[in-house]
Each structure stands twice: as structure tokens, then as C-alpha cells.
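Let me begin by presenting the structure, written as C-alpha cells, before commenting on it.
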Amino acid sequence: MTDLFASQWKPYFYLFFGFIFFSLGVHWTLTGKAWARFGGWVYRAKEPSDFWWTVALYYFLGVFGIGYSLYVVSGPSN
């Protein structure tokens, strides 16, 4: 018997969380305030380097999740 979760829902799981991470990156870019450092806020005006590293990480995770889900759904061609 096949595992239905692994075969059908896993790509959409990555797509969902990729979309969430990318949306958080956009939101934090526009507001200038990001959630980082084990539960603390990082502000663009006070700590620009830490802020942009945090936002870049969320953009990267979002693009990776969306891209990986599209790769899995389309299937590698042989």
C-alpha cells in the first residue's frame, strides 16, 4: 500500500510553506521590522545588516520551497 501523504500532499506542503516564507519576506521588507534572533525583533533603521540577512533568508526559503514543489510536481524527465 502506498503512502498517500508522501505521494500526493508533500509537494503542496512545500508550496504552502514557500508561499508563507516569501510573503513574510515581502511583509517585513515593507514594514521595516523582522522577527529574528530567537524571538526578538530586528529593525531596518537600527540594525540594517541583521535585518537584510533575516529578510534574505526568508526570501530564499520561500523561493526554494516554491521551486522545489514545482520540481516535484512536474517530475524529473528522463
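Letters A, B, ... mark the chains of the C-alpha cells in the order given; residue numbers begin at 1 per chain; ligand numbers begin at 1, in order shown.
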Next on the checklist: Please list as JSON, numbers by chain every residue within 12 Å of Ser23 in chain A, counting only C-alpha atoms and excluding residues in the same chain fewer than 6 positions away.
Outcome noted: {"A": [16, 17, 29, 30, 55, 58, 59, 60, 61, 62, 63, 66]}
Please write the residues from the selection above to a file, keeping all heavy atoms, as a CSV table (one decimal), in the first residue's frame.
chain,number,residue,atom,x,y,z
A,16,PHE,N,3.0,25.5,0.0
A,16,PHE,CA,2.4,26.3,1.1
A,16,PHE,C,3.4,27.1,1.9
A,16,PHE,O,3.3,28.3,2.1
A,16,PHE,CB,1.5,25.4,1.9
A,16,PHE,CG,0.8,26.1,3.1
A,16,PHE,CD1,-0.2,27.0,2.8
A,16,PHE,CD2,1.3,25.9,4.4
A,16,PHE,CE1,-0.8,27.7,3.9
A,16,PHE,CE2,0.7,26.6,5.4
A,16,PHE,CZ,-0.4,27.5,5.2
A,17,PHE,N,4.4,26.3,2.4
A,17,PHE,CA,5.3,27.0,3.3
A,17,PHE,C,6.3,27.9,2.5
A,17,PHE,O,6.8,28.9,3.0
A,17,PHE,CB,6.1,25.9,4.1
A,17,PHE,CG,5.3,25.5,5.3
A,17,PHE,CD1,4.7,24.3,5.3
A,17,PHE,CD2,5.2,26.3,6.4
A,17,PHE,CE1,4.0,23.9,6.4
A,17,PHE,CE2,4.5,25.9,7.5
A,17,PHE,CZ,3.8,24.7,7.5
A,29,THR,N,9.9,43.4,4.5
A,29,THR,CA,10.6,44.4,3.7
A,29,THR,C,9.8,45.7,3.7
A,29,THR,O,10.4,46.8,3.8
A,29,THR,CB,10.8,43.9,2.3
A,29,THR,OG1,11.5,42.7,2.3
A,29,THR,CG2,11.5,44.9,1.4
A,30,LEU,N,8.5,45.6,3.6
A,30,LEU,CA,7.7,46.8,3.5
A,30,LEU,C,7.5,47.5,4.9
A,30,LEU,O,7.4,48.7,5.0
A,30,LEU,CB,6.3,46.5,2.9
A,30,LEU,CG,6.3,46.0,1.5
A,30,LEU,CD1,4.9,45.6,1.1
A,30,LEU,CD2,6.8,47.1,0.6
A,55,VAL,N,15.7,39.0,6.3
A,55,VAL,CA,14.7,39.1,5.1
A,55,VAL,C,15.2,38.2,4.0
A,55,VAL,O,14.4,37.5,3.3
A,55,VAL,CB,14.5,40.6,4.7
A,55,VAL,CG1,13.7,40.7,3.5
A,55,VAL,CG2,13.8,41.3,5.8
A,58,TYR,N,14.4,34.6,4.5
A,58,TYR,CA,13.0,34.2,4.3
A,58,TYR,C,12.7,34.2,2.8
A,58,TYR,O,11.9,33.4,2.3
A,58,TYR,CB,12.1,35.2,5.1
A,58,TYR,CG,12.0,34.7,6.5
A,58,TYR,CD1,12.8,35.1,7.5
A,58,TYR,CD2,11.0,33.8,6.8
A,58,TYR,CE1,12.7,34.6,8.8
A,58,TYR,CE2,10.8,33.3,8.1
A,58,TYR,CZ,11.7,33.7,9.1
A,58,TYR,OH,11.6,33.3,10.4
A,59,TYR,N,13.3,35.2,2.0
A,59,TYR,CA,13.1,35.1,0.6
A,59,TYR,C,13.7,33.9,0.0
A,59,TYR,O,13.0,33.2,-0.8
A,59,TYR,CB,13.7,36.3,-0.1
A,59,TYR,CG,12.9,37.6,-0.1
A,59,TYR,CD1,13.5,38.8,0.4
A,59,TYR,CD2,11.6,37.6,-0.6
A,59,TYR,CE1,12.7,40.0,0.4
A,59,TYR,CE2,10.9,38.8,-0.6
A,59,TYR,CZ,11.4,39.9,-0.1
A,59,TYR,OH,10.7,41.1,-0.1
A,60,PHE,N,14.9,33.5,0.4
A,60,PHE,CA,15.5,32.3,-0.1
A,60,PHE,C,14.7,31.0,0.3
A,60,PHE,O,14.5,30.2,-0.6
A,60,PHE,CB,16.9,32.1,0.5
A,60,PHE,CG,17.6,30.9,0.1
A,60,PHE,CD1,18.1,30.7,-1.1
A,60,PHE,CD2,17.7,29.8,1.0
A,60,PHE,CE1,18.7,29.5,-1.5
A,60,PHE,CE2,18.3,28.6,0.7
A,60,PHE,CZ,18.8,28.5,-0.6
A,61,LEU,N,14.2,30.9,1.5
A,61,LEU,CA,13.4,29.8,1.9
A,61,LEU,C,12.1,29.7,1.1
A,61,LEU,O,11.6,28.6,0.7
A,61,LEU,CB,13.1,29.8,3.4
A,61,LEU,CG,14.3,29.5,4.3
A,61,LEU,CD1,13.9,29.7,5.7
A,61,LEU,CD2,14.9,28.1,4.1
A,62,GLY,N,11.5,30.9,0.8
A,62,GLY,CA,10.3,30.9,0.0
A,62,GLY,C,10.5,30.5,-1.4
A,62,GLY,O,9.8,29.7,-1.9
A,63,VAL,N,11.5,31.0,-2.0
A,63,VAL,CA,11.8,30.6,-3.4
A,63,VAL,C,12.2,29.2,-3.5
A,63,VAL,O,11.8,28.5,-4.4
A,63,VAL,CB,12.9,31.6,-4.0
A,63,VAL,CG1,13.4,31.1,-5.3
A,63,VAL,CG2,12.4,33.0,-4.2
A,66,ILE,N,9.0,27.0,-3.1
A,66,ILE,CA,8.1,27.1,-4.3
A,66,ILE,C,8.8,26.3,-5.5
A,66,ILE,O,8.2,25.5,-6.2
A,66,ILE,CB,7.8,28.5,-4.7
A,66,ILE,CG1,6.9,29.1,-3.6
A,66,ILE,CG2,7.1,28.6,-6.0
A,66,ILE,CD1,6.8,30.6,-3.7
Item to check | Residue set, range 1-66 of chain A restricted to alpha helix (DSSP H), as an NGL selection string | outcome: :A and (4 or 10-31 or 48-66)
Output file for the selection above: C-alpha atoms, as a JSON list (two decimals), in the first residue's frame:
[["chain", "number", "residue", "atom", "x", "y", "z"],
["A", 4, "LEU", "CA", -0.80, 8.83, 0.21],
["A", 10, "LYS", "CA", 4.15, 16.63, 0.06],
["A", 11, "PRO", "CA", 4.70, 18.96, -2.94],
["A", 12, "TYR", "CA", 1.81, 21.14, -1.83],
["A", 13, "PHE", "CA", 3.23, 21.26, 1.68],
["A", 14, "TYR", "CA", 6.43, 22.77, 0.26],
["A", 15, "LEU", "CA", 4.42, 25.14, -1.92],
["A", 16, "PHE", "CA", 2.36, 26.33, 1.05],
["A", 17, "PHE", "CA", 5.34, 26.98, 3.29],
["A", 18, "GLY", "CA", 7.31, 28.52, 0.43],
["A", 19, "PHE", "CA", 4.46, 30.93, -0.14],
["A", 20, "ILE", "CA", 4.29, 31.72, 3.60],
["A", 21, "PHE", "CA", 8.03, 32.41, 3.84],
["A", 22, "PHE", "CA", 8.04, 34.55, 0.70],
["A", 23, "SER", "CA", 5.01, 36.51, 1.94],
["A", 24, "LEU", "CA", 6.74, 37.12, 5.28],
["A", 25, "GLY", "CA", 9.81, 38.41, 3.45],
["A", 26, "VAL", "CA", 7.67, 40.85, 1.45],
["A", 27, "HIS", "CA", 5.75, 41.97, 4.53],
["A", 28, "TRP", "CA", 8.91, 42.55, 6.56],
["A", 29, "THR", "CA", 10.57, 44.40, 3.70],
["A", 30, "LEU", "CA", 7.66, 46.81, 3.53],
["A", 31, "THR", "CA", 7.26, 47.30, 7.29],
["A", 48, "PRO", "CA", 20.28, 47.16, 8.76],
["A", 49, "SER", "CA", 22.74, 44.30, 8.28],
["A", 50, "ASP", "CA", 20.88, 41.88, 10.55],
["A", 51, "PHE", "CA", 17.55, 42.96, 9.11],
["A", 52, "TRP", "CA", 18.55, 42.33, 5.50],
["A", 53, "TRP", "CA", 20.14, 38.96, 6.31],
["A", 54, "THR", "CA", 16.92, 37.89, 8.01],
["A", 55, "VAL", "CA", 14.74, 39.08, 5.14],
["A", 56, "ALA", "CA", 17.04, 37.48, 2.57],
["A", 57, "LEU", "CA", 16.84, 34.17, 4.43],
["A", 58, "TYR", "CA", 13.04, 34.24, 4.28],
["A", 59, "TYR", "CA", 13.07, 35.13, 0.58],
["A", 60, "PHE", "CA", 15.50, 32.28, -0.07],
["A", 61, "LEU", "CA", 13.40, 29.76, 1.88],
["A", 62, "GLY", "CA", 10.29, 30.92, 0.04],
["A", 63, "VAL", "CA", 11.81, 30.64, -3.42],
["A", 64, "PHE", "CA", 13.39, 27.30, -2.56],
["A", 65, "GLY", "CA", 10.09, 25.88, -1.26],
["A", 66, "ILE", "CA", 8.12, 27.06, -4.30]]
Item to check | Residue list (strand (DSSP E or B), DSSP) for range 3-62 of chain A, as a PyMOL selection string | outcome: chain A and resi 33-36+40-43
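The coordinates place CA of Leu70 in chain A at 28.2 Å from CA of Ala36 in chain A.
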